[in-house]
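Chemist: I am sharing protein.csv, which consists of CSV, C-alpha atoms and all ligand atoms:
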```csv
chain,number,residue,atom,x,y,z
A,920,MET,CA,5.3,13.4,18.6
A,921,PRO,CA,4.5,13.3,14.9
A,922,LYS,CA,7.7,12.8,12.9
A,923,ILE,CA,6.6,14.1,9.5
A,924,HIS,CA,3.8,16.6,8.9
A,925,LEU,CA,2.6,17.7,5.5
A,926,GLU,CA,0.2,20.6,5.4
A,927,HIS,CA,-1.7,21.5,2.2
A,928,ILE,CA,1.1,20.2,0.0
A,929,THR,CA,0.5,20.8,-3.7
A,930,LYS,CA,2.9,20.2,-6.6
A,931,ARG,CA,2.2,21.4,-10.1
A,932,PHE,CA,4.3,20.7,-13.1
A,933,GLY,CA,3.2,23.4,-15.5
A,934,ARG,CA,-0.5,23.1,-15.7
A,935,SER,CA,-0.8,19.5,-14.4
A,936,VAL,CA,-1.3,18.8,-10.7
A,937,ALA,CA,0.9,15.9,-9.5
A,938,VAL,CA,-0.1,16.2,-5.8
A,939,ASP,CA,-3.2,18.1,-4.8
A,940,ASN,CA,-3.5,19.7,-1.4
A,941,LEU,CA,-2.2,16.8,0.6
A,942,ASP,CA,-2.4,16.7,4.4
A,943,LEU,CA,-0.6,13.9,6.1
A,944,VAL,CA,0.8,13.1,9.6
A,945,ILE,CA,3.3,10.3,9.7
A,946,GLY,CA,4.0,9.2,13.2
A,947,ASP,CA,7.5,8.3,14.7
A,948,ARG,CA,8.8,4.9,13.6
A,949,GLU,CA,5.9,4.2,11.4
A,950,PHE,CA,6.2,2.2,8.1
A,951,VAL,CA,4.1,4.3,5.7
A,952,THR,CA,3.5,3.2,2.2
A,953,LEU,CA,2.6,5.6,-0.6
A,954,LEU,CA,0.4,3.4,-2.8
A,955,GLY,CA,-1.5,4.0,-6.0
A,956,PRO,CA,-1.5,3.5,-9.8
A,957,SER,CA,1.2,4.8,-12.1
A,958,GLY,CA,1.3,8.6,-12.1
A,959,CYS,CA,-0.8,9.2,-9.0
A,960,GLY,CA,2.0,11.3,-7.3
A,961,LYS,CA,3.7,8.7,-5.0
A,962,THR,CA,7.3,9.5,-6.0
A,963,THR,CA,6.7,13.2,-6.1
A,964,THR,CA,5.3,13.1,-2.6
A,965,LEU,CA,8.3,11.1,-1.3
A,966,ARG,CA,10.8,13.4,-3.1
A,967,MET,CA,9.1,16.5,-1.6
A,968,ILE,CA,9.4,15.1,2.0
A,969,ALA,CA,13.0,14.2,1.3
A,970,GLY,CA,13.8,17.7,-0.1
A,971,LEU,CA,14.6,16.5,-3.6
A,972,GLU,CA,11.5,18.2,-5.1
A,973,THR,CA,10.2,21.7,-4.3
A,974,PRO,CA,6.4,21.8,-3.5
A,975,THR,CA,4.4,24.6,-5.2
A,976,GLU,CA,2.5,25.2,-2.1
A,977,GLY,CA,2.3,24.1,1.5
A,978,ASP,CA,4.4,23.4,4.6
A,979,ILE,CA,6.4,20.3,5.6
A,980,TYR,CA,7.6,19.6,9.2
A,981,ILE,CA,10.0,17.0,10.3
A,982,ASP,CA,10.2,16.5,14.1
A,983,ASP,CA,8.3,19.8,14.6
A,984,ARG,CA,11.0,21.6,12.6
A,985,CYS,CA,9.8,23.4,9.5
A,986,VAL,CA,11.8,22.0,6.6
A,987,PHE,CA,9.7,23.6,3.9
A,988,SER,CA,7.3,26.5,3.7
A,989,SER,CA,6.2,28.1,0.5
A,990,GLU,CA,4.9,31.2,2.3
A,991,ARG,CA,7.8,31.7,4.6
A,992,GLY,CA,10.4,30.8,1.9
A,993,ILE,CA,11.9,27.9,3.9
A,994,ASP,CA,13.6,25.1,2.1
A,995,ILE,CA,16.1,23.0,4.0
A,996,SER,CA,18.4,20.9,1.8
A,997,PRO,CA,18.1,17.0,1.9
A,998,ASP,CA,21.4,16.5,3.6
A,999,LYS,CA,20.2,18.6,6.6
A,1000,ARG,CA,16.9,16.7,7.0
A,1001,ASP,CA,18.6,13.6,8.5
A,1002,VAL,CA,17.2,11.2,6.0
A,1003,GLY,CA,18.4,8.2,4.0
A,1004,PHE,CA,17.5,6.9,0.5
A,1005,LEU,CA,17.1,3.6,-1.1
A,1006,PHE,CA,16.0,3.7,-4.7
A,1007,GLN,CA,15.4,1.2,-7.4
A,1008,ASN,CA,18.9,1.6,-8.8
A,1009,TYR,CA,20.8,1.0,-5.6
A,1010,ALA,CA,24.2,1.0,-7.5
A,1011,LEU,CA,26.9,-0.1,-5.1
A,1012,TRP,CA,30.5,1.1,-5.8
A,1013,PRO,CA,31.9,-1.7,-7.9
A,1014,HIS,CA,35.6,-1.1,-6.9
A,1015,MET,CA,34.7,-1.4,-3.1
A,1016,THR,CA,34.1,-4.5,-1.0
A,1017,VAL,CA,30.9,-4.9,0.8
A,1018,TYR,CA,32.6,-3.7,4.0
A,1019,LYS,CA,33.9,-0.6,2.3
A,1020,ASN,CA,30.6,0.2,0.6
A,1021,ILE,CA,28.9,0.2,4.0
A,1022,ALA,CA,31.7,2.0,5.8
A,1023,PHE,CA,32.0,4.7,3.1
A,1024,GLY,CA,29.4,7.1,4.5
A,1025,LEU,CA,30.8,6.8,8.0
A,1026,GLU,CA,34.3,7.5,6.9
A,1027,ASN,CA,33.1,10.6,5.2
A,1028,MET,CA,31.5,11.6,8.4
A,1029,LYS,CA,35.0,11.1,10.0
A,1030,TRP,CA,33.9,8.4,12.4
A,1031,GLU,CA,36.7,6.7,14.3
A,1032,LYS,CA,38.0,3.5,12.8
A,1033,LYS,CA,36.9,1.3,15.7
A,1034,ARG,CA,33.4,2.8,15.8
A,1035,ILE,CA,33.1,2.2,12.0
A,1036,GLU,CA,34.1,-1.4,12.4
A,1037,SER,CA,31.6,-2.1,15.1
A,1038,ARG,CA,28.8,-0.3,13.2
A,1039,VAL,CA,29.5,-2.2,10.0
A,1040,ARG,CA,29.7,-5.5,11.9
A,1041,GLU,CA,26.3,-4.7,13.5
A,1042,LEU,CA,24.7,-4.0,10.1
A,1043,LEU,CA,26.3,-7.1,8.4
A,1044,GLU,CA,24.7,-9.1,11.2
A,1045,MET,CA,21.4,-7.4,11.1
A,1046,LEU,CA,21.1,-8.1,7.3
A,1047,ARG,CA,22.6,-11.6,7.6
A,1048,ILE,CA,25.4,-10.9,5.2
A,1049,GLU,CA,28.5,-11.4,7.5
A,1050,GLU,CA,30.0,-13.9,5.1
A,1051,LEU,CA,29.9,-11.4,2.2
A,1052,ARG,CA,32.0,-8.7,3.9
A,1053,ASP,CA,35.1,-9.1,1.6
A,1054,ARG,CA,33.3,-9.7,-1.7
A,1055,TYR,CA,32.9,-7.1,-4.5
A,1056,PRO,CA,29.4,-6.2,-5.8
A,1057,SER,CA,30.0,-8.2,-9.0
A,1058,GLU,CA,30.4,-11.3,-6.9
A,1059,LEU,CA,26.9,-10.9,-5.3
A,1060,SER,CA,23.4,-11.9,-6.4
A,1061,GLY,CA,20.7,-9.3,-6.8
A,1062,GLY,CA,19.2,-10.0,-3.4
A,1063,GLN,CA,22.6,-9.8,-1.7
A,1064,GLN,CA,23.4,-6.5,-3.4
A,1065,GLN,CA,20.1,-5.2,-2.2
A,1066,ARG,CA,20.9,-6.2,1.4
A,1067,VAL,CA,24.2,-4.4,1.1
A,1068,ALA,CA,22.5,-1.3,-0.3
A,1069,ILE,CA,20.1,-1.4,2.7
A,1070,ALA,CA,23.0,-1.7,5.1
A,1071,ARG,CA,24.8,1.2,3.5
A,1072,THR,CA,21.6,3.4,3.8
A,1073,LEU,CA,21.1,2.4,7.4
A,1074,ALA,CA,24.7,2.9,8.4
A,1075,THR,CA,24.4,6.5,9.5
A,1076,GLY,CA,21.2,5.8,11.4
A,1077,PRO,CA,18.9,8.2,9.5
A,1078,LYS,CA,15.7,9.1,11.3
A,1079,ILE,CA,13.7,8.6,8.1
A,1080,LEU,CA,14.4,6.1,5.4
A,1081,PHE,CA,12.9,6.7,2.0
A,1082,MET,CA,12.4,3.8,-0.3
A,1083,ASP,CA,11.1,4.1,-3.9
A,1084,GLU,CA,10.1,0.7,-5.2
A,1085,PRO,CA,13.4,-0.8,-3.9
A,1086,LEU,CA,12.3,-4.4,-4.6
A,1087,SER,CA,11.0,-4.0,-8.2
A,1088,ASN,CA,14.2,-5.3,-9.8
A,1089,LEU,CA,14.1,-8.5,-7.9
A,1090,ASP,CA,12.4,-11.7,-8.9
A,1091,ALA,CA,9.2,-12.8,-7.2
A,1092,LYS,CA,10.9,-15.2,-4.7
A,1093,LEU,CA,13.5,-12.7,-3.7
A,1094,ARG,CA,11.0,-9.9,-3.4
A,1095,MET,CA,9.1,-12.0,-0.9
A,1096,GLU,CA,12.2,-12.7,1.1
A,1097,MET,CA,13.2,-9.1,1.1
A,1098,ARG,CA,9.8,-8.0,2.3
A,1099,THR,CA,10.2,-10.3,5.3
A,1100,GLU,CA,13.7,-8.7,5.9
A,1101,LEU,CA,12.4,-5.2,5.5
A,1102,LYS,CA,9.7,-5.7,8.0
A,1103,ARG,CA,12.1,-7.3,10.5
A,1104,LEU,CA,14.5,-4.5,9.9
A,1105,HIS,CA,11.9,-1.8,10.5
A,1106,ALA,CA,11.2,-3.4,13.9
A,1107,GLU,CA,14.9,-3.4,14.7
A,1108,THR,CA,15.8,0.2,13.8
A,1109,ASP,CA,14.5,3.4,15.2
A,1110,SER,CA,13.8,4.8,11.8
A,1111,THR,CA,10.5,5.9,10.2
A,1112,PHE,CA,10.1,4.2,6.8
A,1113,VAL,CA,8.4,6.0,3.9
A,1114,TYR,CA,8.0,3.5,1.1
A,1115,VAL,CA,6.7,3.9,-2.5
A,1116,THR,CA,5.0,1.0,-4.3
A,1117,HIS,CA,2.3,0.4,-6.8
A,1118,ASP,CA,2.0,-3.2,-5.6
A,1119,GLN,CA,-1.0,-3.5,-3.2
A,1120,LEU,CA,0.2,-6.8,-1.7
A,1121,GLU,CA,3.5,-5.2,-0.8
A,1122,ALA,CA,1.8,-2.3,0.8
A,1123,MET,CA,-0.7,-4.5,2.7
A,1124,THR,CA,2.0,-6.8,4.1
A,1125,LEU,CA,4.6,-4.2,5.0
A,1126,SER,CA,3.0,-1.1,6.2
A,1127,SER,CA,1.7,0.2,9.5
A,1128,LYS,CA,-0.3,2.7,7.4
A,1129,ILE,CA,-1.1,3.0,3.7
A,1130,CYS,CA,-1.5,6.3,2.0
A,1131,LEU,CA,-3.5,5.6,-1.1
A,1132,LEU,CA,-3.4,8.2,-3.8
A,1133,LYS,CA,-5.3,8.7,-7.1
A,1134,GLU,CA,-4.5,11.4,-9.5
A,1135,GLY,CA,-2.7,13.4,-6.8
A,1136,LEU,CA,-5.6,13.2,-4.4
A,1137,LEU,CA,-5.5,11.3,-1.1
A,1138,GLN,CA,-8.1,8.6,-1.0
A,1139,GLN,CA,-7.4,7.0,2.4
A,1140,PHE,CA,-4.7,7.1,5.0
A,1141,ALA,CA,-5.2,4.2,7.4
A,1142,PRO,CA,-3.7,0.8,8.6
A,1143,PRO,CA,-3.8,-1.9,5.9
A,1144,LEU,CA,-6.7,-3.9,7.3
A,1145,GLU,CA,-8.8,-0.7,7.7
A,1146,VAL,CA,-8.2,0.1,4.1
A,1147,TYR,CA,-9.2,-3.4,3.2
A,1148,HIS,CA,-12.3,-3.7,5.3
A,1149,GLN,CA,-13.5,-0.1,5.6
A,1150,PRO,CA,-12.6,1.5,2.3
A,1151,THR,CA,-13.6,5.1,1.9
A,1152,ASN,CA,-14.8,4.6,-1.7
A,1153,LEU,CA,-15.1,2.2,-4.6
A,1154,PHE,CA,-11.6,3.0,-5.9
A,1155,VAL,CA,-9.9,2.1,-2.6
A,1156,ALA,CA,-12.0,-1.1,-2.3
A,1157,ASP,CA,-11.1,-2.2,-5.8
A,1158,PHE,CA,-7.4,-1.2,-5.6
A,1159,VAL,CA,-6.6,-3.5,-2.6
A,1160,GLY,CA,-7.3,-7.2,-2.6
A,1161,SER,CA,-6.5,-10.0,-5.0
A,1162,PRO,CA,-8.8,-11.3,-6.5
A,1163,ASN,CA,-10.6,-8.0,-6.6
A,1164,ILE,CA,-13.7,-7.2,-4.5
A,1165,ASN,CA,-17.0,-8.3,-6.2
A,1166,ILE,CA,-19.2,-5.3,-7.1
A,1167,LEU,CA,-22.9,-6.0,-7.5
A,1168,GLU,CA,-25.5,-3.6,-8.8
A,1169,VAL,CA,-28.3,-3.5,-6.2
A,1170,THR,CA,-31.8,-2.8,-7.4
A,1171,GLY,CA,-33.0,0.6,-6.1
A,1172,GLU,CA,-36.6,0.0,-5.0
A,1173,ASN,CA,-35.7,-2.8,-2.6
A,1174,VAL,CA,-33.0,-0.9,-0.8
A,1175,ASN,CA,-33.5,1.1,2.3
A,1176,LEU,CA,-30.6,-0.3,4.3
A,1177,ASP,CA,-32.9,-3.1,5.3
A,1178,GLU,CA,-33.2,-5.3,2.3
A,1179,ILE,CA,-31.7,-5.8,-1.1
A,1180,LYS,CA,-32.7,-8.1,-3.9
A,1181,LEU,CA,-30.0,-10.3,-5.4
A,1182,ASN,CA,-30.8,-12.8,-8.1
A,1183,HIS,CA,-34.6,-12.8,-7.3
A,1184,LYS,CA,-33.8,-13.4,-3.6
A,1185,LEU,CA,-34.5,-10.8,-0.9
A,1186,LEU,CA,-31.6,-10.6,1.5
A,1187,LYS,CA,-31.8,-8.8,4.9
A,1188,LEU,CA,-29.1,-6.2,5.5
A,1189,LEU,CA,-27.6,-5.4,8.8
A,1190,PHE,CA,-25.6,-2.4,7.8
A,1191,THR,CA,-24.2,0.5,9.8
A,1192,PRO,CA,-23.9,3.8,8.0
A,1193,VAL,CA,-20.4,5.2,8.0
A,1194,SER,CA,-21.7,8.5,9.1
A,1195,SER,CA,-24.9,9.5,10.9
A,1196,SER,CA,-25.8,12.0,8.2
A,1197,ILE,CA,-26.2,9.3,5.6
A,1198,THR,CA,-29.7,8.4,4.4
A,1199,VAL,CA,-30.6,6.2,1.5
A,1200,GLN,CA,-33.4,7.5,-0.7
A,1201,GLU,CA,-36.0,5.2,-2.3
A,1202,GLY,CA,-34.7,4.4,-5.8
A,1203,GLN,CA,-31.1,5.4,-5.0
A,1204,GLN,CA,-28.6,3.3,-7.1
A,1205,LEU,CA,-26.2,1.4,-4.9
A,1206,LEU,CA,-23.3,-1.0,-5.4
A,1207,LEU,CA,-22.6,-3.8,-3.0
A,1208,GLY,CA,-19.0,-4.9,-2.4
A,1209,ILE,CA,-18.3,-8.5,-1.3
A,1210,ARG,CA,-14.8,-9.8,-0.8
A,1211,PRO,CA,-14.1,-13.2,-2.6
A,1212,GLU,CA,-13.1,-14.9,0.6
A,1213,ASP,CA,-16.4,-14.0,2.3
A,1214,ILE,CA,-18.5,-16.0,-0.1
A,1215,VAL,CA,-19.3,-19.5,1.2
A,1216,LEU,CA,-20.5,-22.3,-1.0
A,1217,SER,CA,-22.7,-24.7,0.8
A,1218,PRO,CA,-26.1,-26.5,0.2
A,1219,GLU,CA,-27.6,-24.3,3.0
A,1220,GLY,CA,-26.6,-21.1,1.1
A,1221,THR,CA,-29.3,-18.5,0.8
A,1222,VAL,CA,-28.7,-17.5,-2.9
A,1223,ALA,CA,-28.7,-19.8,-5.9
A,1224,GLY,CA,-26.2,-19.6,-8.7
A,1225,SER,CA,-24.3,-21.7,-11.2
A,1226,ILE,CA,-20.6,-22.4,-11.7
A,1227,TYR,CA,-19.1,-20.2,-14.4
A,1228,SER,CA,-15.5,-21.6,-14.1
A,1229,THR,CA,-13.2,-23.1,-11.5
A,1230,LEU,CA,-9.5,-22.2,-11.3
A,1231,PRO,CA,-7.6,-24.4,-8.8
A,1232,SER,CA,-4.0,-23.4,-7.9
A,1233,GLY,CA,-3.2,-25.9,-5.2
A,1234,MET,CA,-3.4,-23.9,-2.0
A,1235,GLU,CA,-6.7,-22.2,-3.0
A,1236,THR,CA,-9.3,-22.4,-5.8
A,1237,ILE,CA,-10.9,-19.4,-7.4
A,1238,VAL,CA,-14.5,-20.2,-8.2
A,1239,LYS,CA,-16.5,-17.9,-10.6
A,1240,ILE,CA,-20.2,-18.1,-10.0
A,1241,ASP,CA,-23.0,-16.9,-12.3
A,1242,LEU,CA,-25.6,-15.1,-10.3
A,1243,GLY,CA,-28.4,-14.2,-12.8
A,1244,GLY,CA,-25.9,-12.7,-15.2
A,1245,GLN,CA,-23.6,-11.1,-12.7
A,1246,ILE,CA,-20.3,-13.1,-12.3
A,1247,LEU,CA,-19.1,-13.4,-8.7
A,1248,THR,CA,-15.6,-14.4,-7.7
A,1249,SER,CA,-15.1,-16.5,-4.6
A,1250,VAL,CA,-11.9,-18.0,-3.1
A,1251,VAL,CA,-12.1,-21.4,-1.5
A,1252,PHE,CA,-9.1,-22.7,0.6
A,1253,GLY,CA,-7.6,-25.9,-0.8
A,1254,SER,CA,-8.6,-27.8,-4.0
A,1255,VAL,CA,-12.2,-28.1,-5.1
A,1256,ASP,CA,-13.6,-28.9,-8.5
A,1257,PHE,CA,-17.0,-28.1,-10.0
A,1258,ALA,CA,-18.5,-28.8,-13.3
A,1259,MET,CA,-19.3,-25.9,-15.5
A,1260,GLY,CA,-22.9,-25.0,-15.1
A,1261,GLU,CA,-23.3,-26.9,-11.8
A,1262,LYS,CA,-25.9,-25.5,-9.5
A,1263,VAL,CA,-24.6,-24.2,-6.2
A,1264,ARG,CA,-25.9,-22.2,-3.3
A,1265,LEU,CA,-23.9,-19.5,-1.5
A,1266,SER,CA,-24.1,-17.2,1.5
A,1267,PHE,CA,-22.1,-14.2,2.7
A,1268,GLN,CA,-20.3,-14.8,5.9
A,1269,SER,CA,-18.7,-11.5,6.6
A,1270,ASP,CA,-20.0,-8.5,8.5
A,1271,LYS,CA,-17.8,-6.3,6.4
A,1272,ASN,CA,-19.6,-6.1,3.1
A,1273,VAL,CA,-19.6,-2.6,1.7
A,1274,LEU,CA,-22.4,-0.5,0.3
A,1275,PHE,CA,-21.4,2.3,-2.1
A,1276,ASP,CA,-23.5,5.1,-3.6
A,1277,LYS,CA,-23.3,4.4,-7.3
A,1278,LYS,CA,-23.1,8.0,-8.3
A,1279,SER,CA,-20.5,9.4,-5.9
A,1280,GLU,CA,-18.8,6.0,-5.5
A,1281,ARG,CA,-18.4,6.8,-1.8
A,1282,THR,CA,-18.9,4.2,0.9
A,1283,ILE,CA,-22.2,4.7,2.7
A,1284,ALA,CA,-22.5,1.6,5.0
A,1285,ILE,CA,-20.7,-1.5,6.1
A,1286,GLY,CA,-22.3,-4.7,7.4
A,1287,LYS,CA,-23.8,-8.1,7.1
A,1288,LEU,CA,-26.1,-9.9,4.6
A,1289,LEU,CA,-28.5,-12.4,6.1
B,1301,LIG,N1,9.7,16.5,-13.6
B,1301,LIG,C1,8.4,16.4,-14.0
B,1301,LIG,N2,8.0,17.2,-15.0
B,1301,LIG,C2,6.7,17.1,-15.4
B,1301,LIG,N3,5.8,16.2,-14.9
B,1301,LIG,C3,6.2,15.4,-14.0
B,1301,LIG,C4,7.5,15.4,-13.5
B,1301,LIG,N4,7.6,14.5,-12.5
B,1301,LIG,C5,6.4,13.9,-12.4
B,1301,LIG,N5,5.6,14.5,-13.3
B,1301,LIG,C6,4.1,14.1,-13.4
B,1301,LIG,O1,3.5,14.1,-12.2
B,1301,LIG,C7,2.6,13.1,-12.0
B,1301,LIG,C8,3.0,12.2,-10.8
B,1301,LIG,O2,4.2,11.6,-11.0
B,1301,LIG,P1,4.9,10.6,-10.0
B,1301,LIG,O3,6.2,10.2,-10.5
B,1301,LIG,O4,4.9,11.2,-8.6
B,1301,LIG,O5,3.9,9.4,-10.0
B,1301,LIG,P2,4.0,8.0,-9.4
B,1301,LIG,O6,2.8,7.7,-8.7
B,1301,LIG,O7,5.3,7.8,-8.6
B,1301,LIG,O8,4.1,7.1,-10.7
B,1301,LIG,P3,4.9,5.7,-11.0
B,1301,LIG,O9,4.3,4.6,-10.2
B,1301,LIG,O10,4.7,5.5,-12.5
B,1301,LIG,O11,6.4,6.0,-10.7
B,1301,LIG,C9,2.6,12.3,-13.3
B,1301,LIG,O12,1.6,12.7,-14.1
B,1301,LIG,C10,4.0,12.7,-13.9
B,1301,LIG,O13,3.9,12.6,-15.3
```
Rewrite the structure from the file as structure tokens, please.
Ligand SMILES: Nc1ncnc2c1ncn2[C@@H]1O[C@H](COP(=O)(O)OP(=O)(O)OP(=O)(O)O)[C@@H](O)[C@H]1O
Modeler:
Amino acid sequence: MPKIHLEHITKRFGRSVAVDNLDLVIGDREFVTLLGPSGCGKTTTLRMIAGLETPTEGDIYIDDRCVFSSERGIDISPDKRDVGFLFQNYALWPHMTVYKNIAFGLENMKWEKKRIESRVRELLEMLRIEELRDRYPSELSGGQQQRVAIARTLATGPKILFMDEPLSNLDAKLRMEMRTELKRLHAETDSTFVYVTHDQLEAMTLSSKICLLKEGLLQQFAPPLEVYHQPTNLFVADFVGSPNINILEVTGENVNLDEIKLNHKLLKLLFTPVSSSITVQEGQQLLLGIRPEDIVLSPEGTVAGSIYSTLPSGMETIVKIDLGGQILTSVVFGSVDFAMGEKVRLSFQSDKNVLFDKKSERTIAIGKLL
């Protein structure tokens, strides 16, 4: 049964459209990330589902119950939607111990003392902070405070947990650690997680599904690897992945989904159109997307290029290759070193290269280069 259902949700602030006719079905116990550049409507979407913002148009259902309908005049308040929040500023009450901070909501709900004790113990254990139970927030590190805040939010067992950039105040190492914890936590609770971030890596690693927005418009709603390998358009392909996907201009007259010309070399294409209605016209301008990790440097490579620069970082090396004026980025596992200008040969190992129509920027086919 779908847990959250958005139908034709639009939010306008004056004349500007923050969210534009959004349809979304978030399944029970999913970990959905709202992803996109600053101002694309992520927070507004999250706040509308939570009941903190009123949509201009549309309907929202939670567990088949209508919690908002612009036409029918329904608007259920946040406290009656059975949801929990975890925001960037997760301020704990400074005069309360960790135990008290977590127990507070349960005391308000008039739970019995014994039941509260066992629930708090369970959460302290789940978040691995048992030894912190009698400390005050000022005696905790940022990461520890964040764990307590998560425990406090989870205490009442909300069906949906909303998180708006909850890790953005933490340093890189702690953020990584908390990502691991959040993913583990999601598996351990029965809650559906709706998470806002502009960090594509965070979205890729955490989510069961990514909802990628641009200027209030949904670009793609799919599992992370589908977004990565089968992007619906150029924006999506470019937004996920680091280093970014390579985009090459492909000369029109050589393209009919059979062959392309790349740096004077004809390459055979084994591509499958994303829809049966797609045809490529003679002379149509196309863009070819190749992920950096799919470029293999070897003497047997089919295409010739020269080294533009080499950036080793220990675990991997980013190698920039000049291909007749177009600079290609490739990632090689481990340390390699090339001289600037050195001649190399390369081939494309993946069957997930993407062909876009240059004008509409839509994906038209995915496949292999021979
Ligand atoms: N209360 C408001 N009044 C007017 N405009 C608003 C209001 N809240 C948001 N907006 C506008 O709506 C658009 C979407 O904002 P939103 O906060 O949802 O974006 P976001 O994707 O979460 O961005 P960020 O990553 O920067 O937080 C932006 O153009 C923003 O300026």
Chemist: Identify which of the residues A:Glu1219, A:Ile1283, A:Ile968, A:Gly1244 lies closest to Arg1264 (chain A), counting all atoms listed in the file when measuring atom-to-atom distances.
Modeler: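 Ranking A:Glu1219, A:Ile1283, A:Ile968, A:Gly1244 by distance to Arg1264 (chain A), first place goes to A:Glu1219.
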Chemist: Using only C-alpha atoms, which residues sit within 6 Å of Leu1206 (chain A) once same-chain residues fewer than 2 positions away are excluded, as a ChimeraX atom specification?
Modeler: /A:1167-1169,1274-1275,1277
Chemist: Can you check which parts of region 936-1003 of chain A lie within 10 Å of region 1081-1084 of chain A? Per residue, the shortest pair of atoms and distance in Å to one decimal, counting only C-alpha atoms, sorted by chain and number, as CSV.
Modeler:
```
residue,atom,partner,partner_atom,distance
A:Val951,CA,A:Phe1081,CA,9.8
A:Thr952,CA,A:Met1082,CA,9.3
A:Leu953,CA,A:Asp1083,CA,9.2
A:Lys961,CA,A:Asp1083,CA,8.8
A:Thr962,CA,A:Asp1083,CA,6.9
A:Leu965,CA,A:Phe1081,CA,7.2
A:Arg966,CA,A:Phe1081,CA,8.7
A:Ile968,CA,A:Phe1081,CA,9.1
A:Ala969,CA,A:Phe1081,CA,7.5
A:Val1002,CA,A:Phe1081,CA,7.4
A:Gly1003,CA,A:Phe1081,CA,6.0
```
Chemist: So, with only C-alpha atoms and all ligand atoms as the atoms that count, which of A:Asp982, A:Glu1178, A:Asp1118, A:Glu1100 lies closest to ligand LIG 1301 (chain B)?
Modeler: A:Asp1118
Chemist: Using only C-alpha atoms and all ligand atoms, which residues have at least one atom no more than 7 Å from ligand LIG 1301 (chain B)? Output them as a list in words.
Modeler: Phe932, Val936, Ala937, Gly955, Pro956, Ser957, Gly958, Cys959, Gly960, Lys961, Thr962, Thr963, Thr964, Thr1116 and His1117 of chain A
Chemist: Generate a file of the selected residues that holds C-alpha atoms, formatted as an mmCIF file, keeping the file's coordinate frame.
Modeler:
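Result saved to result.cif:
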```
data_model
loop_
_atom_site.group_PDB
_atom_site.id
_atom_site.type_symbol
_atom_site.label_atom_id
_atom_site.label_comp_id
_atom_site.auth_asym_id
_atom_site.auth_seq_id
_atom_site.Cartn_x
_atom_site.Cartn_y
_atom_site.Cartn_z
ATOM 1 C CA PHE A 932 4.300 20.700 -13.100
ATOM 2 C CA VAL A 936 -1.300 18.800 -10.700
ATOM 3 C CA ALA A 937 0.900 15.900 -9.500
ATOM 4 C CA GLY A 955 -1.500 4.000 -6.000
ATOM 5 C CA PRO A 956 -1.500 3.500 -9.800
ATOM 6 C CA SER A 957 1.200 4.800 -12.100
ATOM 7 C CA GLY A 958 1.300 8.600 -12.100
ATOM 8 C CA CYS A 959 -0.800 9.200 -9.000
ATOM 9 C CA GLY A 960 2.000 11.300 -7.300
ATOM 10 C CA LYS A 961 3.700 8.700 -5.000
ATOM 11 C CA THR A 962 7.300 9.500 -6.000
ATOM 12 C CA THR A 963 6.700 13.200 -6.100
ATOM 13 C CA THR A 964 5.300 13.100 -2.600
ATOM 14 C CA THR A 1116 5.000 1.000 -4.300
ATOM 15 C CA HIS A 1117 2.300 0.400 -6.800
#
```
Chemist: To one decimal in Å, tell me the separation between CA of Ser1225 (chain A) and CA of Asp1256 (chain A).
Modeler: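 Computed distance, CA of Ser1225 (chain A) to CA of Asp1256 (chain A), equals 13.2 Å.
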Chemist: I'd like to know which of A:Ile1240, A:Val1255, A:Leu1189, A:Ile1214 is closest to Leu1288 (chain A), using only C-alpha atoms.
Modeler: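 Among A:Ile1240, A:Val1255, A:Leu1189, A:Ile1214, it is A:Leu1189 that comes nearest to Leu1288 (chain A).
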Chemist: What lies within 12 Å of region 1148-1152 of chain A using all atoms listed in the file, ignoring chain neighbours under 6 positions off, as a PyMOL selection string?
Modeler: chain A and resi 1123+1129+1131+1133+1137-1142+1158-1160+1164+1191-1194+1206-1210+1213+1269-1286
Chemist: Quick check, in Å to one decimal: how far apart do CA of Asp939 (chain A) and CA of Glu1134 (chain A) lie?
Modeler: 8.3 Å
Chemist: How far is it from CA of Gly1062 (chain A) to CA of Phe1004 (chain A), in Å with one decimal?
Modeler: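 So the answer is 17.4 Å.
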Chemist: So, with all atoms listed in the file as the atoms that count, which of A:Thr1248, A:Arg1094, A:Gly1220, A:Glu1145 lies closest to Leu1120 (chain A)?
Modeler: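 With all atoms listed in the file as the atom set, the closest residue is A:Arg1094.
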Chemist: Which residue gives the smallest distance to Pro1013 (chain A) among A:Thr1198, A:Gln1119, A:Ser1228, A:Gln1064, with only C-alpha atoms counted?
Modeler: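 Looking at the shortest contact to Pro1013 (chain A), the residue is A:Gln1064.
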Chemist: Select, from A:Thr1099, A:Ser1126, A:Ser1161, A:Ser1254, the residue with the minimum atom-to-atom distance to Leu1144 (chain A), counting only C-alpha atoms.
Modeler: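 For Leu1144 (chain A), the nearest of the given residues is A:Ser1126.
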Chemist: What residues have an atom no more than 7 Å from (25.1, 2.0, 8.8) in the file's own frame, counting all atoms listed in the file, and can you write them as a ChimeraX atom specification?
Modeler: /A:1021,1038-1039,1042,1070-1076
Chemist: Would you output that residue set with C-alpha atoms, as an mmCIF file, keeping the file's coordinate frame?
Modeler:
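Result written to selection.cif:
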```cif
data_model
loop_
_atom_site.group_PDB
_atom_site.id
_atom_site.type_symbol
_atom_site.label_atom_id
_atom_site.label_comp_id
_atom_site.auth_asym_id
_atom_site.auth_seq_id
_atom_site.Cartn_x
_atom_site.Cartn_y
_atom_site.Cartn_z
ATOM 1 C CA ILE A 1021 28.900 0.200 4.000
ATOM 2 C CA ARG A 1038 28.800 -0.300 13.200
ATOM 3 C CA VAL A 1039 29.500 -2.200 10.000
ATOM 4 C CA LEU A 1042 24.700 -4.000 10.100
ATOM 5 C CA ALA A 1070 23.000 -1.700 5.100
ATOM 6 C CA ARG A 1071 24.800 1.200 3.500
ATOM 7 C CA THR A 1072 21.600 3.400 3.800
ATOM 8 C CA LEU A 1073 21.100 2.400 7.400
ATOM 9 C CA ALA A 1074 24.700 2.900 8.400
ATOM 10 C CA THR A 1075 24.400 6.500 9.500
ATOM 11 C CA GLY A 1076 21.200 5.800 11.400
#
```
